Amino acid sequence: MGTVAPVMPEVDFGADPLEDLYERIATLRGQGSRVVPVRYIGEIAWLVLRYDDVTRTFADEKRLPAAAAYERTGMPAMGRILMAMRGDQHRVNRALAGGALLPGAIRRATERLLVPVANLLIDAFGDRRELDLVESYTRRYPFNIISRLLGVPIEDEARIIGWLGRLIRLQWDRESALQARAELDAYLTPVLEQRRREPGEDLISQLVTAEIDGQRLQEEEILSFLRLLYPAGGETTFLTMSGLMLEVLSDRALYDRLIARPEDRARATEEALRKHAPATLLPRFAETAVTIADIEIPARSMILLGSGAANHDPDIFPDPERFSLERGANAHATFGRGPHFCLGSHLAREELRISLTLLLERLPGLRLADDRTIHATGAVVRGIHTLPVAFDALLPTVAYADPARKGAAR
Ligand code: HEM
């Protein structure tokens with residue numbers, strides 16, 4: 001572990017459940033710490049705690065390029081994903097791959113795709129009046145949307161997620177991960193060929209045909225982008241959505257307010273993104289020694305940008321554990337900052353608002369099924385994994401209007 005001694009050596013921030021993550025962060029902050037060495041998957045990493053330091057460092061591609069970290073963490077399994085690209089390659093790939101995720105494209109997808117898929121999942125509740133909302137809705141919806149965006153059959157989704165699940169465990173089981181990657185690529189390659197021949201409206205068609213300044217995406221660049229989408233866009237959004245529904249169903253006054261005032265639902269979404277950031281520790285790697293908040297970090301150190309810690313910084317978000325609709329601009333750090341700012345933020349926000357609206361409006365009397373306490377777990381990927389609910393009836397599909405748009409902090 002080297003010569004640096006970690007704070008709180010009893011916990012590993014990369015491996016332990018850490019239900020008490022934000023209490024621990026508050027303790028460190030109370031001791032005046034801004035950047036501290038912690039244990040992280042058995043090694044030392046430097047955890048950045050304060051909002052200003054986290055947001056500034058996110059955008060500091062010059063001193064701490066995201067690629068230096070993702071080349072080590074993400075790339076061995078996923079290939080050269082966007083986060084592992086620098087400079088021009090990143091700029092061109094982001095522009096080519098990101099078109100389908102721009103706000104206009106997402107607005108166009110709302111009526112055609114996002115609302116119908118949410119309604120289908122709710123219809124499938126059938127006669128049930130008690131169920132686990134995570135199992136039956138939040139865990140499924142963002143993944144279903146990615147499959148539909150890509151234009152792959154929903155029946156194939158479980159297989160794709162299975163391959164990706166093995167793929168990202170490369171550090172633990174290399175043989176299985178490499179085999180999964182080969183199987184996923186063997187599945188995707190003919191799909192790419194077919195879309196080249198007969199391009200449609202879907203994201204894969206856009207990826208194989210997109211062109212900027214005479215440049216097109218290479219086959220491996222497309223495959224890396226596709227490998228990234230389910231983990232980046234599914235796992236994250238589902239965890240924040242579960243947190244949002246937990247907050248709304250745990251507070252009767254909040255529930256009543258959101259039923260009565262649809263225009264406040266966008267604020268609720270932003271507050272859930274702040275309080276329930278699903279990716280709470282984003283990696284950077286110091287290729288040479290750097291100083292953050294007057295703390296010298298030696299060369300070849302892993303750095304963790306605490307976006308969750310930033311979102312719980314009481315200097316910026318007073319009483320951070322409180323779920324509040326009165327936070328003004330609510331400029332949380334959940335989607336990062338700078339050149340690698342989340343490409344899927346518009347999609348994630350739209351999915352959250354649609355889900356909140358349709359679940360509240362189609363399920364009268366929606367409530368928690370029992371009074372057990374539900375805790376978020378995990379530090380790198382954090383959230384709740386179960387949400388037993390009950391409701392009185394299942395109403396037919398409602399026309400979806402999003403009067404909340406104006407209220408959203410962006
Ligand atoms: C609540 C949901 C989400 C959260 C919290 C989230 C968070 C993030 C963060 C923090 C980054 C920057 C990483 C860094 O700087 O190290 C990022 C990048 C990215 N996200 Fe998201 N994300 C979410 C949803 C999505 C969705 C729905 C998609 C697409 C379907 C997506 C696709 C991407 C991509 C492609 C990048 C890489 C951008 C680049 O490197 O230029 N994300 N996300």
# chains A, B, ... in the order shown; residues from 1 in each chain; ligands from 1
call {"tool": "residues_around", "arguments": {"residues": "Phe58 of chain A", "least_positions_apart": "5", "cutoff": "9 Å", "atoms": "only C-alpha atoms", "output": "number ranges by chain"}}
result
A: 53, 64-66, 282, 284, 305, 336-341
call {"tool": "write_last_selection", "arguments": {"atoms": "N, CA and C atoms", "output": "PDB file, in the first residue's frame"}}
result
ATOM      1  N   ASP A  53     -13.402  21.940  -4.995  1.00  0.00           N
ATOM      2  CA  ASP A  53     -12.249  21.157  -5.457  1.00  0.00           C
ATOM      3  C   ASP A  53     -12.692  20.068  -6.442  1.00  0.00           C
ATOM      4  N   LEU A  64      -5.127  16.682 -15.081  1.00  0.00           N
ATOM      5  CA  LEU A  64      -5.635  15.359 -14.718  1.00  0.00           C
ATOM      6  C   LEU A  64      -6.631  14.862 -15.771  1.00  0.00           C
ATOM      7  N   PRO A  65      -6.131  14.487 -16.953  1.00  0.00           N
ATOM      8  CA  PRO A  65      -7.053  14.018 -17.992  1.00  0.00           C
ATOM      9  C   PRO A  65      -7.777  12.746 -17.545  1.00  0.00           C
ATOM     10  N   ALA A  66      -9.090  12.723 -17.830  1.00  0.00           N
ATOM     11  CA  ALA A  66      -9.877  11.549 -17.448  1.00  0.00           C
ATOM     12  C   ALA A  66      -9.254  10.279 -18.019  1.00  0.00           C
ATOM     13  N   LEU A 282     -15.561   9.266  -8.852  1.00  0.00           N
ATOM     14  CA  LEU A 282     -15.099   9.175 -10.242  1.00  0.00           C
ATOM     15  C   LEU A 282     -13.567   9.223 -10.278  1.00  0.00           C
ATOM     16  N   ARG A 284      -9.606   9.659 -11.301  1.00  0.00           N
ATOM     17  CA  ARG A 284      -8.586  10.381 -12.062  1.00  0.00           C
ATOM     18  C   ARG A 284      -7.251   9.769 -11.665  1.00  0.00           C
ATOM     19  N   LEU A 305     -12.764  11.591  -7.359  1.00  0.00           N
ATOM     20  CA  LEU A 305     -13.540  12.835  -7.258  1.00  0.00           C
ATOM     21  C   LEU A 305     -14.878  12.493  -6.611  1.00  0.00           C
ATOM     22  N   GLY A 336     -20.743  15.283 -13.460  1.00  0.00           N
ATOM     23  CA  GLY A 336     -19.374  15.713 -13.728  1.00  0.00           C
ATOM     24  C   GLY A 336     -19.331  17.139 -14.255  1.00  0.00           C
ATOM     25  N   ARG A 337     -18.181  17.499 -14.828  1.00  0.00           N
ATOM     26  CA  ARG A 337     -17.965  18.834 -15.394  1.00  0.00           C
ATOM     27  C   ARG A 337     -16.966  18.704 -16.542  1.00  0.00           C
ATOM     28  N   GLY A 338     -16.896  19.739 -17.347  1.00  0.00           N
ATOM     29  CA  GLY A 338     -15.813  19.794 -18.337  1.00  0.00           C
ATOM     30  C   GLY A 338     -16.069  18.920 -19.550  1.00  0.00           C
ATOM     31  N   PRO A 339     -15.000  18.601 -20.292  1.00  0.00           N
ATOM     32  CA  PRO A 339     -15.154  17.933 -21.592  1.00  0.00           C
ATOM     33  C   PRO A 339     -15.841  16.569 -21.505  1.00  0.00           C
ATOM     34  N   HIS A 340     -15.744  15.894 -20.370  1.00  0.00           N
ATOM     35  CA  HIS A 340     -16.353  14.560 -20.263  1.00  0.00           C
ATOM     36  C   HIS A 340     -17.717  14.600 -19.583  1.00  0.00           C
ATOM     37  N   PHE A 341     -18.264  15.810 -19.413  1.00  0.00           N
ATOM     38  CA  PHE A 341     -19.599  15.944 -18.798  1.00  0.00           C
ATOM     39  C   PHE A 341     -20.539  14.906 -19.422  1.00  0.00           C
TER      40      PHE A 341
END
call {"tool": "residues_around", "arguments": {"residues": "Arg86 of chain A", "least_positions_apart": "3", "cutoff": "12 Å", "atoms": "only C-alpha atoms", "output": "list in words"}}
result
Glu61, Lys62, Leu64, Pro65, Ala66, Ala67, Ala68, Ala69, Tyr70, Glu71, Arg80, Ile81, Leu82, Met83, Gln89, His90, Arg91, Val92, Asn93, Arg94, Pro339 and His340 of chain A
call {"tool": "closest_residue", "arguments": {"among": "A:Glu157, A:Asp313, A:Glu263, A:Glu247", "to": "Tyr230 of chain A", "atoms": "only C-alpha atoms"}}
result
A:Glu157
call {"tool": "atom_distance", "arguments": {"atom1": "atom CA of His332 of chain A", "atom2": "atom CA of Ser307 of chain A"}}
result
8.1 Å
call {"tool": "residues_around", "arguments": {"residues": "segment 219-229 of chain A", "least_positions_apart": "3", "cutoff": "8 Å", "atoms": "only C-alpha atoms", "output": "list in words"}}
result
Met78, Gly79, Arg80, Ile81, Leu82, Asn93, Ala97, Ile146, Leu164, Asp185, Leu188, Leu207, Val208, Ala232, Gly233 and Gly234 of chain A
call {"tool": "residues_around", "arguments": {"residues": "Arg34 of chain A", "least_positions_apart": "2", "cutoff": "10 Å", "atoms": "only C-alpha atoms", "output": "ChimeraX atom specification"}}
result
/A:28-32,36,47-54,292-295
call {"tool": "select_by_dssp", "arguments": {"residues": "segment 159-408 of chain A", "states": "alpha helix (DSSP H)", "output": "mmCIF file with C-alpha atoms, in the first residue's frame"}}
result
data_model
loop_
_atom_site.group_PDB
_atom_site.id
_atom_site.type_symbol
_atom_site.label_atom_id
_atom_site.label_comp_id
_atom_site.auth_asym_id
_atom_site.auth_seq_id
_atom_site.Cartn_x
_atom_site.Cartn_y
_atom_site.Cartn_z
ATOM 1 C CA ARG A 159 -27.993 -11.647 -22.760
ATOM 2 C CA ILE A 160 -26.297 -8.311 -23.555
ATOM 3 C CA ILE A 161 -26.400 -7.201 -19.919
ATOM 4 C CA GLY A 162 -25.083 -10.634 -18.910
ATOM 5 C CA TRP A 163 -22.082 -10.262 -21.254
ATOM 6 C CA LEU A 164 -21.405 -6.745 -19.954
ATOM 7 C CA GLY A 165 -21.698 -7.919 -16.341
ATOM 8 C CA ARG A 166 -18.919 -10.462 -17.000
ATOM 9 C CA LEU A 167 -16.937 -7.980 -19.071
ATOM 10 C CA ARG A 174 -10.059 -12.380 -16.958
ATOM 11 C CA GLU A 175 -10.911 -15.447 -18.997
ATOM 12 C CA SER A 176 -14.668 -15.097 -18.522
ATOM 13 C CA ALA A 177 -14.495 -11.340 -19.272
ATOM 14 C CA LEU A 178 -12.581 -11.783 -22.516
ATOM 15 C CA GLN A 179 -14.921 -14.555 -23.605
ATOM 16 C CA ALA A 180 -17.937 -12.330 -22.813
ATOM 17 C CA ARG A 181 -16.422 -9.493 -24.830
ATOM 18 C CA ALA A 182 -15.881 -11.795 -27.808
ATOM 19 C CA GLU A 183 -19.482 -13.039 -27.568
ATOM 20 C CA LEU A 184 -20.876 -9.502 -27.311
ATOM 21 C CA ASP A 185 -18.806 -8.334 -30.272
ATOM 22 C CA ALA A 186 -19.903 -11.392 -32.274
ATOM 23 C CA TYR A 187 -23.507 -10.408 -31.529
ATOM 24 C CA LEU A 188 -23.036 -6.740 -32.403
ATOM 25 C CA THR A 189 -20.842 -7.001 -35.515
ATOM 26 C CA PRO A 190 -23.556 -8.424 -37.839
ATOM 27 C CA VAL A 191 -26.003 -5.853 -36.437
ATOM 28 C CA LEU A 192 -23.566 -3.095 -37.442
ATOM 29 C CA GLU A 193 -23.226 -4.605 -40.906
ATOM 30 C CA GLN A 194 -26.979 -4.831 -41.320
ATOM 31 C CA ARG A 195 -27.445 -1.163 -40.254
ATOM 32 C CA ARG A 196 -24.743 -0.074 -42.692
ATOM 33 C CA ARG A 197 -26.705 -1.771 -45.471
ATOM 34 C CA LEU A 203 -28.660 4.901 -32.599
ATOM 35 C CA ILE A 204 -26.561 2.130 -34.172
ATOM 36 C CA SER A 205 -27.567 3.374 -37.641
ATOM 37 C CA GLN A 206 -26.534 6.872 -36.602
ATOM 38 C CA LEU A 207 -23.195 5.605 -35.301
ATOM 39 C CA VAL A 208 -22.352 3.708 -38.491
ATOM 40 C CA THR A 209 -23.335 6.584 -40.786
ATOM 41 C CA GLU A 219 -15.586 -0.231 -36.006
ATOM 42 C CA GLU A 220 -13.762 -0.546 -32.668
ATOM 43 C CA GLU A 221 -14.808 2.997 -31.647
ATOM 44 C CA ILE A 222 -18.450 2.061 -32.268
ATOM 45 C CA LEU A 223 -18.124 -1.196 -30.350
ATOM 46 C CA SER A 224 -16.485 0.595 -27.384
ATOM 47 C CA PHE A 225 -19.290 3.156 -27.329
ATOM 48 C CA LEU A 226 -21.897 0.406 -27.378
ATOM 49 C CA ARG A 227 -20.121 -1.505 -24.588
ATOM 50 C CA LEU A 228 -20.233 1.676 -22.494
ATOM 51 C CA LEU A 229 -23.915 2.579 -22.920
ATOM 52 C CA THR A 236 -26.766 4.874 -13.006
ATOM 53 C CA THR A 237 -30.243 6.069 -13.947
ATOM 54 C CA PHE A 238 -32.001 3.150 -12.280
ATOM 55 C CA LEU A 239 -30.310 3.841 -8.956
ATOM 56 C CA THR A 240 -31.219 7.544 -8.942
ATOM 57 C CA MET A 241 -34.781 6.676 -9.997
ATOM 58 C CA SER A 242 -35.079 4.251 -7.071
ATOM 59 C CA GLY A 243 -33.777 6.956 -4.719
ATOM 60 C CA LEU A 244 -36.251 9.483 -6.118
ATOM 61 C CA MET A 245 -39.212 7.149 -5.578
ATOM 62 C CA LEU A 246 -38.009 6.273 -2.067
ATOM 63 C CA GLU A 247 -37.909 9.974 -1.128
ATOM 64 C CA VAL A 248 -41.339 10.701 -2.583
ATOM 65 C CA LEU A 249 -42.962 7.700 -0.921
ATOM 66 C CA SER A 250 -41.293 8.335 2.447
ATOM 67 C CA ARG A 252 -46.498 12.286 2.600
ATOM 68 C CA ALA A 253 -46.287 16.086 2.231
ATOM 69 C CA LEU A 254 -43.829 15.752 -0.652
ATOM 70 C CA TYR A 255 -46.029 13.133 -2.327
ATOM 71 C CA ASP A 256 -49.121 15.372 -2.007
ATOM 72 C CA ARG A 257 -47.203 18.354 -3.342
ATOM 73 C CA LEU A 258 -45.957 16.483 -6.398
ATOM 74 C CA ILE A 259 -49.449 15.168 -7.147
ATOM 75 C CA ALA A 260 -50.896 18.688 -6.850
ATOM 76 C CA ARG A 265 -41.487 17.331 -10.434
ATOM 77 C CA ALA A 266 -38.437 18.608 -12.290
ATOM 78 C CA ARG A 267 -37.110 20.047 -9.025
ATOM 79 C CA ALA A 268 -37.687 16.699 -7.338
ATOM 80 C CA THR A 269 -35.714 15.051 -10.127
ATOM 81 C CA GLU A 270 -32.779 17.448 -9.680
ATOM 82 C CA GLU A 271 -32.822 16.954 -5.933
ATOM 83 C CA ALA A 272 -32.786 13.176 -6.376
ATOM 84 C CA LEU A 273 -29.830 13.550 -8.735
ATOM 85 C CA ARG A 274 -28.077 15.579 -6.029
ATOM 86 C CA LYS A 275 -28.891 13.442 -3.006
ATOM 87 C CA SER A 307 -19.250 13.873 -6.658
ATOM 88 C CA GLY A 308 -21.521 12.550 -3.892
ATOM 89 C CA ALA A 309 -19.351 14.271 -1.292
ATOM 90 C CA ALA A 310 -19.587 17.514 -3.309
ATOM 91 C CA ASN A 311 -23.367 17.136 -3.420
ATOM 92 C CA SER A 345 -27.754 13.757 -18.821
ATOM 93 C CA HIS A 346 -30.731 14.867 -20.952
ATOM 94 C CA LEU A 347 -31.891 11.304 -21.403
ATOM 95 C CA ALA A 348 -31.473 10.520 -17.697
ATOM 96 C CA ARG A 349 -33.431 13.617 -16.657
ATOM 97 C CA GLU A 350 -36.224 12.883 -19.101
ATOM 98 C CA GLU A 351 -36.457 9.263 -17.933
ATOM 99 C CA LEU A 352 -36.627 10.372 -14.313
ATOM 100 C CA ARG A 353 -39.355 12.960 -14.921
ATOM 101 C CA ILE A 354 -41.462 10.646 -17.074
ATOM 102 C CA SER A 355 -41.209 7.810 -14.578
ATOM 103 C CA LEU A 356 -42.111 10.005 -11.628
ATOM 104 C CA THR A 357 -45.110 11.434 -13.489
ATOM 105 C CA LEU A 358 -46.495 8.160 -14.799
ATOM 106 C CA LEU A 359 -45.939 6.217 -11.576
ATOM 107 C CA LEU A 360 -47.686 8.917 -9.532
ATOM 108 C CA GLU A 361 -50.530 9.418 -11.994
ATOM 109 C CA ARG A 362 -51.243 5.826 -12.948
#
call {"tool": "closest_residue", "arguments": {"among": "A:Ile303, A:Ala84, A:Ile374, A:Ala399", "to": "ligand 1", "atoms": "only C-alpha atoms and all ligand atoms"}}
result
A:Ala84
call {"tool": "closest_residue", "arguments": {"among": "A:Val380, A:Leu368, A:Ile154, A:Leu217", "to": "ligand 1", "atoms": "only C-alpha atoms and all ligand atoms"}}
result
A:Val380
call {"tool": "closest_residue", "arguments": {"among": "A:Arg129, A:Leu113, A:Gly306, A:Gly74", "to": "Ala369 of chain A", "atoms": "only C-alpha atoms"}}
result
A:Arg129
call {"tool": "select_by_dssp", "arguments": {"residues": "segment 161-408 of chain A", "states": "strand (DSSP E)", "output": "PyMOL selection string"}}
result
chain A and resi 281-286+290-292+295-297+301-306+367-368+388-390
call {"tool": "closest_residue", "arguments": {"among": "A:Ile297, A:Leu394, A:Val117, A:Ile106", "to": "ligand 1", "atoms": "only C-alpha atoms and all ligand atoms"}}
result
A:Ile106
call {"tool": "closest_residue", "arguments": {"among": "A:Ala124, A:Ala277, A:Met302, A:Leu133", "to": "ligand 1", "atoms": "only C-alpha atoms and all ligand atoms"}}
result
A:Ala277
call {"tool": "atom_distance", "arguments": {"atom1": "atom CA of Pro298 of chain A", "atom2": "atom CA of Gln171 of chain A"}}
result
24.4 Å
